[in-house]
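Structure, as structure tokens:
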Amino acid sequence: MEKKPVKLACYEILPAEPKLTKTFDFVKDLSDALSSGKINERCRSYSDIAVQGEQEFITKRTQSNVGLFCTFLHLKEGGAVLISKALMKESEISLEELAETEEENTEGYVKDYTYFLLTKKLLILKSTRGIPSSDIEIYLNWFLKKSHAKYANKNSVLILRPLLKKTFDPRTVGSIELGSNVKIGEKRAVDTIVRPIIKDLEQLLKAQGYDDIETGKIVKATVILKIIRPKKDEKENLKALQSILKALKDEETTIKDKRNNTIHMGEIKETREVRIPHLATGFPDVAVLETQMLQYYSEVSNR
């Protein structure tokens with residue numbers, strides 16, 4: 001089998017409410033829900049307003065003394081035809097085996113897929129452009145709330161924050177420049193935070209709101225967050241930077257040190273590139289991938 005590079009990203013798992021950490025075990029609760037339910041009971045519609053739209057769900061999981069290794073699938077609209085109703089009533093299916101046996105073109109229905117290792121403190125994710133960590137966070141919160149009455153009335157159950165490298169000092173950050181595609185909610189950050197500069201000043205004066213301004217009239221808008229006084233508490237500085245990086249999920253975002261030198265994400269976020277054998281269908285060898293994730297977890301969790 002051909003070996004291909006795979007990027008693993010690491011995230012801290014934090015309870016949305018501090019007291020939850022003493023009461024609930026997210027790994028056990030997720031495991032119980034997956035063991036007792038069928039696949040069709042854990043399908044989440046990607047859009048709440050879509051009746052038959054895109055779906056995402058955990059197709060398969062294996063459990064170890066460390067945590068749960070899960071396969072996560074995002075189907076395109078109409079992609080449910082890829083999986084028969086009989087299979088959807090099973091407790092799990094192998095996406096890799098399905099790709100080998102299906103006569104239809106699997107890639108035509110799959111928007112993207114990924115794998116993650118959920119432990120009590122960390123989540124190791126196979127990075128993919130199509131399924132960011134925010135999608136995994138939303139799904140886990142949705143599924144836990146749906147599956148357990150004790151979570152049902154909570155706004156959120158858990159939070160994923162990017163784990164930072166042990167060697168990185170957040171006090172070295174001097175500024176963070178938001179990229180033009182950064183979004184807060186459904187709005188572009190530059191529209192949300194700062195009034196854009198437009199060609200027609202008269203139009204700006206007459207506009208009742210930003211929605212009245214045509215996008216083509218905007219010249220440029222930039223937001224720069226200046227880090228003035230980092231706290232003395234190292235843990236608080238790490239939490240603050242984690243929150244900023246979580247909110248600004250955009251490749252155009254630029255982080256600079258106090259001397260105005262660019263700090264690359266590779267110097268900040270805890271990630272690792274590994275080479276994994278891939279099947280003829282294009283899917284990775286999940287046994288090898290799980291082993292690599294477990295090894296990575298043992299290293300970062302003991303630091």
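Each chain in the structure tokens gets a letter, A, B, ..., in the order shown, and its residues are numbered from 1; ligands are numbered from 1 in order too.
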
Near range 86-96 of chain A, within 9 Å and counting only C-alpha atoms, which residues show up once chain neighbours fewer than 6 positions away are dropped, as an mmCIF file with C-alpha atoms, in the first residue's frame?
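Result saved to part.cif:
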```
data_model
loop_
_atom_site.group_PDB
_atom_site.id
_atom_site.type_symbol
_atom_site.label_atom_id
_atom_site.label_comp_id
_atom_site.auth_asym_id
_atom_site.auth_seq_id
_atom_site.Cartn_x
_atom_site.Cartn_y
_atom_site.Cartn_z
ATOM 1 C CA LEU A 34 -22.769 4.714 20.213
ATOM 2 C CA SER A 35 -23.105 1.189 21.616
ATOM 3 C CA SER A 36 -26.840 1.358 22.160
ATOM 4 C CA GLY A 37 -27.880 3.312 19.062
ATOM 5 C CA LYS A 38 -28.184 2.663 15.339
ATOM 6 C CA ILE A 39 -26.443 4.713 12.681
ATOM 7 C CA ASN A 40 -29.670 6.393 11.534
ATOM 8 C CA GLU A 41 -30.211 7.609 15.111
ATOM 9 C CA ILE A 58 -19.955 8.585 13.266
ATOM 10 C CA THR A 59 -19.927 5.413 11.194
ATOM 11 C CA LYS A 60 -17.645 3.231 13.313
ATOM 12 C CA ARG A 61 -15.681 3.305 16.539
ATOM 13 C CA THR A 71 -14.660 7.378 11.804
ATOM 14 C CA LEU A 73 -18.498 10.926 7.637
ATOM 15 C CA LEU A 279 -5.890 1.453 0.375
ATOM 16 C CA THR A 281 -9.838 3.092 -2.742
ATOM 17 C CA GLY A 282 -7.964 6.085 -1.313
ATOM 18 C CA PHE A 283 -8.880 5.555 2.336
ATOM 19 C CA PRO A 284 -6.134 5.251 4.976
ATOM 20 C CA ASP A 285 -5.327 2.036 6.817
ATOM 21 C CA VAL A 286 -7.363 2.798 9.948
#
```

I'd like the neighbourhood of Val173 in chain A as a ChimeraX atom specification, where a residue qualifies if any of its atoms comes within 8 Å (using only C-alpha atoms), though same-chain residues fewer than 5 positions away should be ignored. /A:227,255-258

Please dump the current selection as a short mmCIF file (atom, residue, chain, number, x, y, z; two decimals), in the first residue's frame; keep N, CA and C atoms.
```cif
data_model
loop_
_atom_site.label_atom_id
_atom_site.label_comp_id
_atom_site.auth_asym_id
_atom_site.auth_seq_id
_atom_site.Cartn_x
_atom_site.Cartn_y
_atom_site.Cartn_z
N ILE A 227 -1.72 42.98 21.25
CA ILE A 227 -1.55 42.37 22.56
C ILE A 227 -0.69 43.30 23.39
N ILE A 255 -0.15 36.22 12.54
CA ILE A 255 0.28 36.48 13.92
C ILE A 255 1.72 36.96 13.89
N LYS A 256 1.98 38.07 14.60
CA LYS A 256 3.33 38.63 14.62
C LYS A 256 3.82 38.81 16.06
N ASP A 257 5.14 38.75 16.21
CA ASP A 257 5.69 38.97 17.54
C ASP A 257 5.87 40.46 17.79
N LYS A 258 6.44 40.81 18.90
CA LYS A 258 6.55 42.22 19.28
C LYS A 258 7.57 42.99 18.44
#
```

Min atom-atom distance to Asp29 in chain A from the set A:Lys76, A:Lys4, A:His148, A:Arg42, counting only C-alpha atoms, belongs to A:His148

query: Which residue, A:Lys166, A:Ser156, A:Tyr109, A:Glu236, has the smallest gap to Asn302 in chain A when you use only C-alpha atoms?
result: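 Under the stated criterion, the closest residue is A:Lys166.
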
message: Need the shell around range 263-266 of chain A: protein/DNA/RNA residues with any atom at most 12 Å away, counting only C-alpha atoms. Skip same-chain ones fewer than 6 positions apart. Format as a PyMOL selection string?
response: chain A and resi 7+9+162-165+167-170+172-177+245+249-257+272-273

Separation of CA of Phe116 in chain A from CA of Ala33 in chain A, in Å and rounded to one decimal
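Going from CA of Phe116 in chain A over to CA of Ala33 in chain A covers 16.8 Å.
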